[in-house]
Protein chains: 2
Amino acid sequence: MLKLPLGYRYAATYAGIRKQEKDDVALIVSESPAETAAVFTRNVVQAAPVQLSRRHLKSGQGKITAVLVNAGNANCATRTGAKVALASCKAVAKALKTKTRYVLPASTGVIGVELDAKLITSAVPKLASQLSASAFDSVAEAILTTDTRAKVASEAVQFRGGMVRIAGMTKGAGMIHPNMATTLGFVLTDAAVPAKYLHRMLRDATERSYNSLSVDGDMSTNDMVALLANGAAKIKSDPKDLKLLNDALGRVMESLARQIASDGEGARKLIIVRTSGFRTEEEARTAARAIANSPLVKTAIAGSDPNWGRILSAAGYSGIAFDPAQADIFLQDVLVCRKGVAADFDEPGLKNRLDASEVLIRFVLKGRGKGEARFFTCDLTEGYIQINGSYRT
Amino acid sequence: MLKLPLGYRYAATYAGIRKQEKDDVALIVSESPAETAAVFTRNVVQAAPVQLSRRHLKSGQGKITAVLVNAGNANCATRTGAKVALASCKAVAKALKTKTRYVLPASTGVIGVELDAKLITSAVPKLASQLSASAFDSVAEAILTTDTRAKVASEAVQFRGGMVRIAGMTKGAGMIHPNMATTLGFVLTDAAVPAKYLHRMLRDATERSYNSLSVDGDMSTNDMVALLANGAAKIKSDPKDLKLLNDALGRVMESLARQIASDGEGARKLIIVRTSGFRTEEEARTAARAIANSPLVKTAIAGSDPNWGRILSAAGYSGIAFDPAQADIFLQDVLVCRKGVAADFDEPGLKNRLDASEVLIRFVLKGRGKGEARFFTCDLTEGYIQINGSYRT
């Protein structure tokens with residue numbers, strides 16, 4: 001049962017953007033302007049809604065009343081993108097009687113295809129009239145593209161003055177049908193959080209979740225994660241309380257990232273890469289990312305092949321200058337490589353254990369430091385090729 | 001017909017390293033110590049033969065009499081690797097009556113499995129007795145692993161004083177069965193080339209060939225390309241002659257790199273990515289590499305899908321800060337994206353043209369500079385997954 005934060009309402013409907021008749025436009029509305037932090041794609045090609053969201057957060061001083069999301073069209077690399085995004089936000093502002101700059105737009109779907117603003121602007125009044133505190137799941141469904149399931153997570157956090165809640169939804173599944181797609185994430189809390197702290201919380205949690213996640217190494221033009229705090233719980237918080245909220249945010253966003261990796265295009269297995277013994281967390285993450293991004297490692301796991309040489313080699317080209325003779329590698333907690341050379345292990349037994357739906361790769365360095373990291377990815381199967389190779393046919 | 005350089009002899013035999021009875025050890029011998037330049041993997045995990053080759057080039061001041069190659073075992077990440085590599089070189093030195101430091105060892109195959117030195121040392125006398133000036137192709141066959149065909153290229157170059165020749169062989173095919181594999185390249189000329197110039201020639205040609213090539217983005221522990229110049233043509237050369245040789249080396253190595261990409265694991269299509277209008281060649285290569293490495297681009301080409309959004313996005317996350325509104329994209333010379341947005345094109349017609357065995361992607365920037373680059377890769381198909389997902393089963 002989701003622990004939904006107070007003071008938010010939700011609605012989703014079908015506006016005709018995607019061919020399949022399935023909700024493709026959605027609203028998340030806060031009863032009062034919420035303090036909002038957001039992180040965006042670092043791709044130099046940025047979709048119109050990403051550009052407009054940045055502007056709105058700046059001009060509105062980080063206050064957001066409504067998040068408007070559509071699926072089926074990324075509103076990116078088109079002639080009219082900026083106009084369409086603005087017209088959509090204006091329609092929401094009008095329907096909700098709020099300021100245009102308090103509306104945060106987000107899009108996911110095909111890129112390079114003009115999006116008809118009317119499809120969204122005509123759906124907005126309907127959305128506004130349907131807002132409901134319990135429709136969180138409908139929005140989580142409406143934002144999906146090639147995902148096979150909705151991805152949500154929540155927690156209740158006991159502050160000294162009472163309970164607050166934090167809930168998130170996300171979409172992902174890789175770079176996606178039909179053109180490519182996008183990681184979108186929306187996390188809502190009814191705690192009151194000072195702007196500066198909110199930004200730091202989101203940045204740190206993003207580093208350990210969405211930035212520690214890879215399906216195929218591609219980075220979308222539309223990626224965006226937003227964290228809204230509307231204070232509707234009306235509970236005072238001190239630094240200790242906020243630390244608890246920060247930890248809960250970390251768990252919620254980690255859960256969302258794991259769900260994305262598990263549901264990667266064509267994936268049969270979630271792969272968790274843990275690296276330790278590096279000089280810094282950043283170093284450890286770089287090595288973990290190289291292992292997680294290696295098509296050879298991902299295909300080996302798909303085939304339940306305890307192929308530690310590929311793991312050692314991937315870490316080796318990560319750019320971190322470690323000594324291979326100090327590296328141990330564990331697969332499903334079985335030592336397969338000790339000090340850079342083969343360990344004795346029961347290969348048929350390990351192959352069986354690699355058939356699990358979750359595979360843990362541990363890369364343990366000695367004598368370099370205490371930096372550790374964790375990275376989520378998925379195995380690489382024929383399904384990925386099928387999904388991505390022929391969508392337009 | 002290959003233009004084989006004078007003063008080299010070749011031999012290959014089956015030493016029992018690989019299971020399949022197919023030549024797996026080979027020698028290339030120069031009649032006199034050849035001036036030699038080599039480039040090696042930048043992976044921090046380096047196979048024993050890579051480490052020993054570096055040492056021999058240093059202690060022998062860049063002179064090489066023999067190249068000893070084996071396939072079937074990478075001699076990497078094992079307890080006895082260094083000893084095995086050294087014993088093998090010693091056996092060659094003894095059989096050829098040359099210095100151990102004039103022997104350049106190279107290995108490719110499974111990593112993490114002990115290699116029995118005796119398999120090689122007992123094969124060496126046979127190899128030495130079989131050396132022949134015409135067995136170039138047998139060596140080119142012996143070094144292959146998952147490659148489906150041998151890869152060779154050669155040219156004759158008219159110096160003012162007469163003709164010299166340059167010939168190369170290579171193996172590749174991606175990161176490879178059974179554990180992972182390796183790009184090896186050996187290029188031989190009978191011209192006399194000063195050491196300093198030889199190193200620069202190889203470095204430049206490598207940048208435009210092997211370093212502009214990607215099958216799956218993985219970098220092996222055993223990669224190595226060596227260029228030998230033995231002067232056996234006995235033709236004097238001046239700077240203009242050497243420039244001609246340099247150009248021929250560029251073409252030979254480009255051909256070898258193209259052949260590797262064409263024969264990528266599971267590949268049905270060679271993909272050539274050309275980028276232009278960047279500030280520098282390096283910038284252009286970075287963008288080309290991002291496009292060539294994108295699994296989304298590679299699966300799109302596999303499906304003959306004119307999916308330019310993925311190309312634009314991949315360039316966008318390459319780290320080069322270009323303006324998307326200045327980007328044109330061509331597929332098979334058809335303009336598909338103009339100034340960052342969709343161009344009008346005949347989609348069914350273009351799909352047909354994308355069914356070709358060679359696909360050209362051009363990414364043209366305006367107003368940034370004159371830097372251009374070319375990158376080779378291949379499409380990503382179900383075959384890659386099948387080859388790499390289940391080799392040990």
# chains A, B, ... in the order shown; residues from 1 in each chain; ligands from 1
>>> calpha_fit_and_write(fixed="chain B", moving="chain A", output="compact mmCIF listing (two decimals) with C-alpha atoms, in the first residue's frame")
# COMPACT_ATOMS: atom_id res chain seq x y z
CA MET A 1 47.16 -10.62 -54.90
CA LEU A 2 49.03 -9.48 -51.81
CA LYS A 3 52.14 -7.39 -52.25
CA LEU A 4 54.36 -9.11 -49.73
CA PRO A 5 57.41 -7.23 -48.46
CA LEU A 6 60.82 -8.81 -48.97
CA GLY A 7 62.83 -10.37 -46.18
CA TYR A 8 60.04 -11.88 -44.09
CA ARG A 9 59.11 -15.53 -43.64
CA TYR A 10 56.09 -17.08 -42.00
CA ALA A 11 54.90 -20.30 -40.40
CA ALA A 12 51.85 -21.55 -38.54
CA THR A 13 50.94 -24.82 -36.90
CA TYR A 14 48.56 -26.48 -34.46
CA ALA A 15 50.06 -26.69 -30.98
CA GLY A 16 46.99 -27.98 -29.14
CA ILE A 17 46.12 -24.70 -27.42
CA ARG A 18 42.63 -24.47 -28.84
CA LYS A 19 40.31 -27.42 -28.71
CA GLN A 20 39.45 -27.26 -32.38
CA GLU A 21 42.32 -28.63 -34.48
CA LYS A 22 43.20 -25.46 -36.35
CA ASP A 23 46.54 -23.66 -36.41
CA ASP A 24 46.96 -21.75 -33.16
CA VAL A 25 50.58 -20.68 -33.04
CA ALA A 26 52.49 -18.72 -35.65
CA LEU A 27 55.79 -17.02 -36.37
CA ILE A 28 56.68 -14.00 -38.45
CA VAL A 29 60.44 -13.74 -38.93
CA SER A 30 62.47 -10.93 -40.44
CA GLU A 31 65.78 -11.81 -42.10
CA SER A 32 67.43 -9.03 -40.10
CA PRO A 33 66.29 -7.25 -36.94
CA ALA A 34 63.50 -4.90 -38.05
CA GLU A 35 62.92 -1.43 -36.67
CA THR A 36 59.62 -1.90 -34.81
CA ALA A 37 56.95 0.37 -33.38
CA ALA A 38 53.99 -0.95 -31.42
CA VAL A 39 50.89 0.33 -29.67
CA PHE A 40 49.24 -1.57 -26.84
CA THR A 41 45.95 -1.72 -24.97
CA ARG A 42 45.38 0.99 -22.39
CA ASN A 43 43.52 -1.46 -20.18
CA VAL A 44 45.18 -1.54 -16.72
CA VAL A 45 44.78 -5.30 -16.87
CA GLN A 46 47.53 -6.23 -19.31
CA ALA A 47 48.27 -9.74 -20.45
CA ALA A 48 51.75 -11.18 -19.83
CA PRO A 49 52.75 -11.03 -23.53
CA VAL A 50 51.79 -7.33 -23.66
CA GLN A 51 54.00 -6.64 -20.66
CA LEU A 52 56.86 -8.67 -22.09
CA SER A 53 56.55 -7.09 -25.53
CA ARG A 54 56.91 -3.66 -23.98
CA ARG A 55 60.01 -4.79 -22.10
CA HIS A 56 61.58 -6.40 -25.17
CA LEU A 57 61.03 -3.31 -27.30
CA LYS A 58 62.69 -1.25 -24.61
CA SER A 59 65.66 -3.50 -23.89
CA GLY A 60 66.15 -4.35 -27.57
CA GLN A 61 65.93 -0.68 -28.57
CA GLY A 62 63.00 -1.36 -30.86
CA LYS A 63 64.62 -4.15 -32.89
CA ILE A 64 62.55 -7.24 -33.56
CA THR A 65 63.48 -10.41 -35.43
CA ALA A 66 60.43 -12.51 -34.74
CA VAL A 67 56.78 -12.08 -33.80
CA LEU A 68 55.36 -15.09 -31.97
CA VAL A 69 51.56 -15.25 -31.81
CA ASN A 70 49.22 -17.77 -30.32
CA ALA A 71 45.44 -17.98 -30.40
CA GLY A 72 43.17 -19.92 -28.04
CA ASN A 73 44.61 -18.58 -24.81
CA ALA A 74 45.25 -14.91 -23.94
CA ASN A 75 47.89 -15.79 -21.33
CA CYS A 76 46.28 -13.18 -19.11
CA ALA A 77 45.21 -13.16 -15.44
CA THR A 78 47.02 -16.40 -14.69
CA ARG A 79 49.66 -17.32 -12.12
CA THR A 80 52.31 -18.40 -14.61
CA GLY A 81 51.71 -15.90 -17.42
CA ALA A 82 55.02 -14.05 -17.26
CA LYS A 83 57.05 -17.29 -17.15
CA VAL A 84 55.13 -18.79 -20.04
CA ALA A 85 55.62 -15.72 -22.23
CA LEU A 86 59.33 -15.60 -21.47
CA ALA A 87 59.88 -19.34 -22.02
CA SER A 88 58.11 -19.07 -25.38
CA CYS A 89 60.31 -16.19 -26.50
CA LYS A 90 63.44 -18.01 -25.35
CA ALA A 91 62.47 -21.04 -27.41
CA VAL A 92 62.07 -18.84 -30.48
CA ALA A 93 65.38 -17.08 -29.85
CA LYS A 94 67.12 -20.43 -29.57
CA ALA A 95 65.56 -21.87 -32.72
CA LEU A 96 66.30 -18.76 -34.75
CA LYS A 97 69.65 -17.99 -33.15
CA THR A 98 68.57 -14.50 -32.21
CA LYS A 99 68.22 -12.61 -28.93
CA THR A 100 65.24 -13.22 -26.66
CA ARG A 101 64.60 -9.48 -26.51
CA TYR A 102 64.25 -9.48 -30.32
CA VAL A 103 61.14 -11.66 -30.01
CA LEU A 104 57.73 -9.95 -29.75
CA PRO A 105 55.08 -12.19 -28.13
CA ALA A 106 51.32 -11.76 -28.64
CA SER A 107 48.39 -13.86 -27.48
CA THR A 108 44.63 -13.94 -27.96
CA GLY A 109 41.92 -16.17 -26.57
CA VAL A 110 40.43 -17.13 -23.24
CA ILE A 111 41.66 -15.23 -20.20
CA GLY A 112 42.16 -16.60 -16.71
CA VAL A 113 43.14 -20.09 -17.85
CA GLU A 114 46.74 -21.25 -17.35
CA LEU A 115 48.64 -21.68 -20.62
CA ASP A 116 50.99 -24.65 -20.80
CA ALA A 117 54.34 -23.26 -22.02
CA LYS A 118 55.34 -26.67 -23.37
CA LEU A 119 52.62 -26.55 -25.99
CA ILE A 120 54.36 -23.53 -27.48
CA THR A 121 57.98 -24.43 -26.85
CA SER A 122 57.56 -27.84 -28.46
CA ALA A 123 55.90 -26.28 -31.50
CA VAL A 124 58.64 -23.70 -32.04
CA PRO A 125 61.24 -25.98 -33.72
CA LYS A 126 58.58 -27.14 -36.15
CA LEU A 127 57.60 -23.55 -36.90
CA ALA A 128 61.23 -22.57 -37.40
CA SER A 129 61.79 -25.41 -39.84
CA GLN A 130 58.67 -24.57 -41.86
CA LEU A 131 59.31 -20.85 -42.39
CA SER A 132 58.34 -19.76 -45.86
CA ALA A 133 58.11 -16.41 -47.65
CA SER A 134 54.68 -17.30 -48.98
CA ALA A 135 52.92 -18.43 -45.79
CA PHE A 136 51.65 -14.94 -44.86
CA ASP A 137 48.04 -16.11 -45.26
CA SER A 138 48.55 -19.13 -43.00
CA VAL A 139 49.60 -16.82 -40.19
CA ALA A 140 46.64 -14.52 -40.90
CA GLU A 141 44.40 -17.60 -40.48
CA ALA A 142 46.14 -18.93 -37.38
CA ILE A 143 45.61 -15.75 -35.33
CA LEU A 144 41.81 -15.71 -35.73
CA THR A 145 39.39 -16.52 -32.91
CA THR A 146 35.67 -15.82 -33.53
CA ASP A 147 36.47 -14.04 -36.77
CA THR A 148 34.65 -15.58 -39.70
CA ARG A 149 37.40 -14.70 -42.18
CA ALA A 150 41.04 -13.65 -42.40
CA LYS A 151 41.80 -9.94 -42.72
CA VAL A 152 44.73 -8.79 -44.80
CA ALA A 153 45.69 -5.75 -46.86
CA SER A 154 48.77 -4.66 -48.77
CA GLU A 155 50.19 -2.05 -51.11
CA ALA A 156 53.24 -1.53 -53.24
CA VAL A 157 54.69 1.95 -52.96
CA GLN A 158 56.86 3.52 -55.64
CA PHE A 159 59.80 5.27 -54.02
CA ARG A 160 62.10 7.28 -56.24
CA GLY A 161 64.74 4.60 -55.99
CA GLY A 162 62.38 1.68 -56.60
CA MET A 163 59.46 -0.24 -55.18
CA VAL A 164 58.79 -1.06 -51.52
CA ARG A 165 55.90 -3.06 -50.12
CA ILE A 166 53.70 -2.93 -47.04
CA ALA A 167 51.37 -5.72 -45.91
CA GLY A 168 49.25 -6.19 -42.82
CA MET A 169 47.14 -8.83 -41.16
CA THR A 170 44.73 -8.47 -38.31
CA LYS A 171 42.13 -10.20 -36.18
CA GLY A 172 39.23 -8.80 -34.24
CA ALA A 173 35.52 -9.50 -34.53
CA GLY A 174 34.59 -7.90 -31.26
CA MET A 175 35.18 -9.08 -27.77
CA ILE A 176 35.14 -12.59 -28.26
CA HIS A 177 34.52 -16.21 -27.65
CA PRO A 178 35.47 -17.90 -25.46
CA ASN A 179 36.20 -15.31 -22.81
CA MET A 180 36.93 -12.16 -24.63
CA ALA A 181 39.31 -11.29 -27.28
CA THR A 182 41.59 -9.02 -28.77
CA THR A 183 42.59 -6.89 -31.64
CA LEU A 184 45.95 -7.93 -32.95
CA GLY A 185 47.54 -6.28 -35.96
CA PHE A 186 50.90 -6.90 -37.62
CA VAL A 187 52.05 -4.66 -40.44
CA LEU A 188 55.29 -5.34 -42.25
CA THR A 189 57.27 -3.28 -44.72
CA ASP A 190 60.54 -3.82 -46.52
CA ALA A 191 61.24 -0.09 -46.57
CA ALA A 192 63.84 1.32 -44.22
CA VAL A 193 62.21 3.79 -41.86
CA PRO A 194 63.93 5.79 -39.10
CA ALA A 195 62.65 4.76 -35.66
CA LYS A 196 61.21 8.14 -34.74
CA TYR A 197 59.28 8.46 -37.99
CA LEU A 198 58.07 4.86 -37.72
CA HIS A 199 56.55 5.51 -34.30
CA ARG A 200 54.79 8.65 -35.49
CA MET A 201 53.44 6.88 -38.59
CA LEU A 202 52.01 4.07 -36.51
CA ARG A 203 50.51 6.39 -33.92
CA ASP A 204 48.77 8.54 -36.51
CA ALA A 205 47.51 5.62 -38.57
CA THR A 206 46.27 3.87 -35.42
CA GLU A 207 44.26 6.94 -34.41
CA ARG A 208 42.45 6.88 -37.77
CA SER A 209 41.97 3.12 -37.96
CA TYR A 210 42.00 0.94 -34.83
CA ASN A 211 41.18 3.85 -32.53
CA SER A 212 38.32 4.81 -34.86
CA LEU A 213 36.78 1.39 -34.67
CA SER A 214 34.33 -0.14 -32.28
CA VAL A 215 32.41 -3.37 -32.29
CA ASP A 216 31.04 -3.30 -28.79
CA GLY A 217 33.02 -0.67 -26.94
CA ASP A 218 34.98 -3.19 -24.91
CA MET A 219 38.78 -2.95 -24.78
CA SER A 220 40.79 -6.10 -24.45
CA THR A 221 43.67 -6.92 -22.13
CA ASN A 222 45.74 -8.13 -25.10
CA ASP A 223 45.27 -5.50 -27.84
CA MET A 224 48.42 -4.79 -29.78
CA VAL A 225 49.39 -3.45 -33.18
CA ALA A 226 53.01 -3.67 -34.36
CA LEU A 227 54.69 -2.16 -37.40
CA LEU A 228 57.96 -3.71 -38.57
CA ALA A 229 60.34 -2.13 -41.09
CA ASN A 230 63.28 -4.32 -42.08
CA GLY A 231 64.70 -2.35 -45.01
CA ALA A 232 65.04 -5.54 -47.06
CA ALA A 233 63.96 -3.73 -50.24
CA LYS A 234 67.29 -1.91 -49.99
CA ILE A 235 65.77 1.25 -51.44
CA LYS A 236 66.88 4.60 -50.15
CA SER A 237 64.12 6.91 -48.99
CA ASP A 238 63.80 10.65 -48.60
CA PRO A 239 61.01 12.51 -46.71
CA LYS A 240 58.76 12.52 -49.80
CA ASP A 241 59.09 8.77 -50.16
CA LEU A 242 58.31 8.28 -46.50
CA LYS A 243 55.21 10.44 -46.89
CA LEU A 244 54.03 8.03 -49.60
CA LEU A 245 54.71 5.09 -47.29
CA ASN A 246 52.85 6.89 -44.50
CA ASP A 247 49.81 7.32 -46.77
CA ALA A 248 49.95 3.67 -47.79
CA LEU A 249 50.16 2.62 -44.14
CA GLY A 250 47.06 4.74 -43.46
CA ARG A 251 45.15 2.96 -46.24
CA VAL A 252 46.32 -0.51 -45.22
CA MET A 253 45.37 0.03 -41.58
CA GLU A 254 42.06 1.63 -42.52
CA SER A 255 41.29 -1.40 -44.66
CA LEU A 256 42.14 -3.73 -41.77
CA ALA A 257 39.90 -1.74 -39.40
CA ARG A 258 37.00 -1.82 -41.88
CA GLN A 259 37.42 -5.57 -42.23
CA ILE A 260 37.21 -5.97 -38.46
CA ALA A 261 34.00 -3.90 -38.28
CA SER A 262 32.44 -5.79 -41.22
CA ASP A 263 33.19 -9.06 -39.46
CA GLY A 264 31.96 -7.88 -36.03
CA GLU A 265 30.27 -10.59 -34.02
CA GLY A 266 26.80 -11.10 -35.41
CA ALA A 267 27.21 -8.14 -37.77
CA ARG A 268 25.30 -7.97 -41.02
CA LYS A 269 26.32 -4.42 -41.90
CA LEU A 270 29.40 -2.24 -41.82
CA ILE A 271 28.51 1.20 -40.46
CA ILE A 272 30.70 4.17 -41.36
CA VAL A 273 30.11 7.28 -39.26
CA ARG A 274 31.46 10.53 -40.69
CA THR A 275 31.34 13.71 -38.63
CA SER A 276 32.36 17.16 -39.82
CA GLY A 277 32.18 20.81 -38.87
CA PHE A 278 33.56 20.30 -35.37
CA ARG A 279 36.23 22.48 -33.84
CA THR A 280 38.93 19.83 -34.06
CA GLU A 281 39.47 16.36 -35.42
CA GLU A 282 39.49 15.13 -31.81
CA GLU A 283 36.05 16.67 -31.16
CA ALA A 284 34.72 15.17 -34.38
CA ARG A 285 36.08 11.76 -33.41
CA THR A 286 34.49 11.97 -29.95
CA ALA A 287 31.08 12.64 -31.51
CA ALA A 288 31.57 9.92 -34.12
CA ARG A 289 32.56 7.46 -31.39
CA ALA A 290 29.42 8.24 -29.36
CA ILE A 291 27.23 7.62 -32.40
CA ALA A 292 29.12 4.45 -33.32
CA ASN A 293 28.98 3.10 -29.77
CA SER A 294 25.27 3.71 -29.23
CA PRO A 295 23.41 0.37 -29.00
CA LEU A 296 20.29 2.26 -30.08
CA VAL A 297 21.90 3.52 -33.27
CA LYS A 298 23.37 0.09 -33.98
CA THR A 299 20.08 -1.73 -33.48
CA ALA A 300 18.25 0.87 -35.60
CA ILE A 301 20.66 0.24 -38.48
CA ALA A 302 20.22 -3.51 -37.97
CA GLY A 303 16.49 -2.91 -38.50
CA SER A 304 17.03 -0.52 -41.47
CA ASP A 305 15.27 2.12 -39.42
CA PRO A 306 16.09 5.74 -40.41
CA ASN A 307 16.01 6.73 -36.77
CA TRP A 308 17.98 9.98 -36.85
CA GLY A 309 16.72 11.03 -33.38
CA ARG A 310 18.98 8.40 -31.84
CA ILE A 311 21.94 9.72 -33.83
CA LEU A 312 21.29 13.31 -32.77
CA SER A 313 20.88 12.24 -29.17
CA ALA A 314 24.06 10.13 -29.15
CA ALA A 315 26.08 13.06 -30.49
CA GLY A 316 24.35 15.16 -27.86
CA TYR A 317 25.68 13.12 -24.95
CA SER A 318 29.18 12.79 -26.39
CA GLY A 319 30.41 15.65 -24.25
CA ILE A 320 30.88 18.04 -27.19
CA ALA A 321 28.88 21.25 -26.62
CA PHE A 322 27.52 21.81 -30.13
CA ASP A 323 24.30 23.61 -31.05
CA PRO A 324 21.71 21.05 -32.22
CA ALA A 325 20.10 23.71 -34.43
CA GLN A 326 23.29 23.61 -36.54
CA ALA A 327 23.22 19.85 -37.10
CA ASP A 328 22.31 18.09 -40.34
CA ILE A 329 22.19 14.30 -40.52
CA PHE A 330 22.42 12.19 -43.66
CA LEU A 331 21.72 8.46 -43.94
CA GLN A 332 23.05 6.90 -47.15
CA ASP A 333 23.40 10.51 -48.39
CA VAL A 334 19.71 11.22 -47.77
CA LEU A 335 19.09 14.30 -45.61
CA VAL A 336 16.98 13.08 -42.69
CA CYS A 337 17.54 15.86 -40.15
CA ARG A 338 18.07 19.49 -41.12
CA LYS A 339 19.14 22.04 -38.51
CA GLY A 340 18.20 19.69 -35.69
CA VAL A 341 14.66 18.91 -36.85
CA ALA A 342 13.09 16.38 -39.20
CA ALA A 343 13.72 16.82 -42.92
CA ASP A 344 11.27 15.58 -45.51
CA PHE A 345 12.45 12.31 -46.96
CA ASP A 346 11.07 9.23 -48.62
CA GLU A 347 11.01 6.81 -45.70
CA PRO A 348 10.22 3.54 -47.54
CA GLY A 349 12.85 4.41 -50.14
CA LEU A 350 15.46 5.10 -47.48
CA LYS A 351 14.59 1.91 -45.61
CA ASN A 352 15.42 -0.02 -48.77
CA ARG A 353 18.75 1.76 -49.07
CA LEU A 354 19.51 0.95 -45.43
CA ASP A 355 19.24 -2.75 -46.28
CA ALA A 356 22.68 -2.46 -47.91
CA SER A 357 25.67 -4.22 -46.40
CA GLU A 358 27.36 -0.86 -45.87
CA VAL A 359 25.61 2.08 -44.21
CA LEU A 360 26.95 5.63 -44.14
CA ILE A 361 25.89 7.99 -41.36
CA ARG A 362 26.97 11.60 -41.85
CA PHE A 363 26.67 14.16 -39.08
CA VAL A 364 27.37 17.64 -40.40
CA LEU A 365 27.70 20.64 -38.13
CA LYS A 366 27.79 24.24 -39.32
CA GLY A 367 29.59 27.25 -37.93
CA ARG A 368 31.80 25.45 -35.43
CA GLY A 369 34.94 24.53 -37.33
CA LYS A 370 36.57 22.21 -39.81
CA GLY A 371 37.31 19.20 -37.67
CA GLU A 372 36.19 15.95 -39.23
CA ALA A 373 36.50 12.27 -38.44
CA ARG A 374 35.45 8.83 -39.55
CA PHE A 375 34.55 5.89 -37.35
CA PHE A 376 33.85 2.26 -38.22
CA THR A 377 31.38 0.04 -36.46
CA CYS A 378 28.76 -2.59 -37.26
CA ASP A 379 25.10 -3.16 -36.59
CA LEU A 380 24.01 -4.88 -33.38
CA THR A 381 22.01 -8.02 -34.02
CA GLU A 382 20.67 -11.04 -32.19
CA GLY A 383 23.81 -12.83 -33.39
CA TYR A 384 26.03 -10.78 -31.08
CA ILE A 385 23.95 -11.83 -28.09
CA GLN A 386 24.00 -15.47 -29.15
CA ILE A 387 27.77 -15.53 -29.64
CA ASN A 388 28.50 -13.82 -26.34
CA GLY A 389 25.74 -15.09 -24.11
CA SER A 390 26.36 -18.77 -23.94
CA TYR A 391 29.82 -19.80 -24.99
CA ARG A 392 30.57 -21.83 -21.92
CA THR A 393 27.43 -23.93 -22.01
>>> select_by_dssp(residues="stretch 142-390 of chain B", states="helix (DSSP H, G or I)", output="ChimeraX atom specification")
/B:142,195-208,210-212,239-262,281-293,295-302,308-316,324-326,347-354,382-389
>>> select_by_dssp(residues="stretch 182-366 of chain A", states="strand (DSSP E)", output="VMD selection string")
chain A and resid 184 to 189 224 to 229 270 to 278 327 to 331 334 to 338 341 to 342 358 to 365
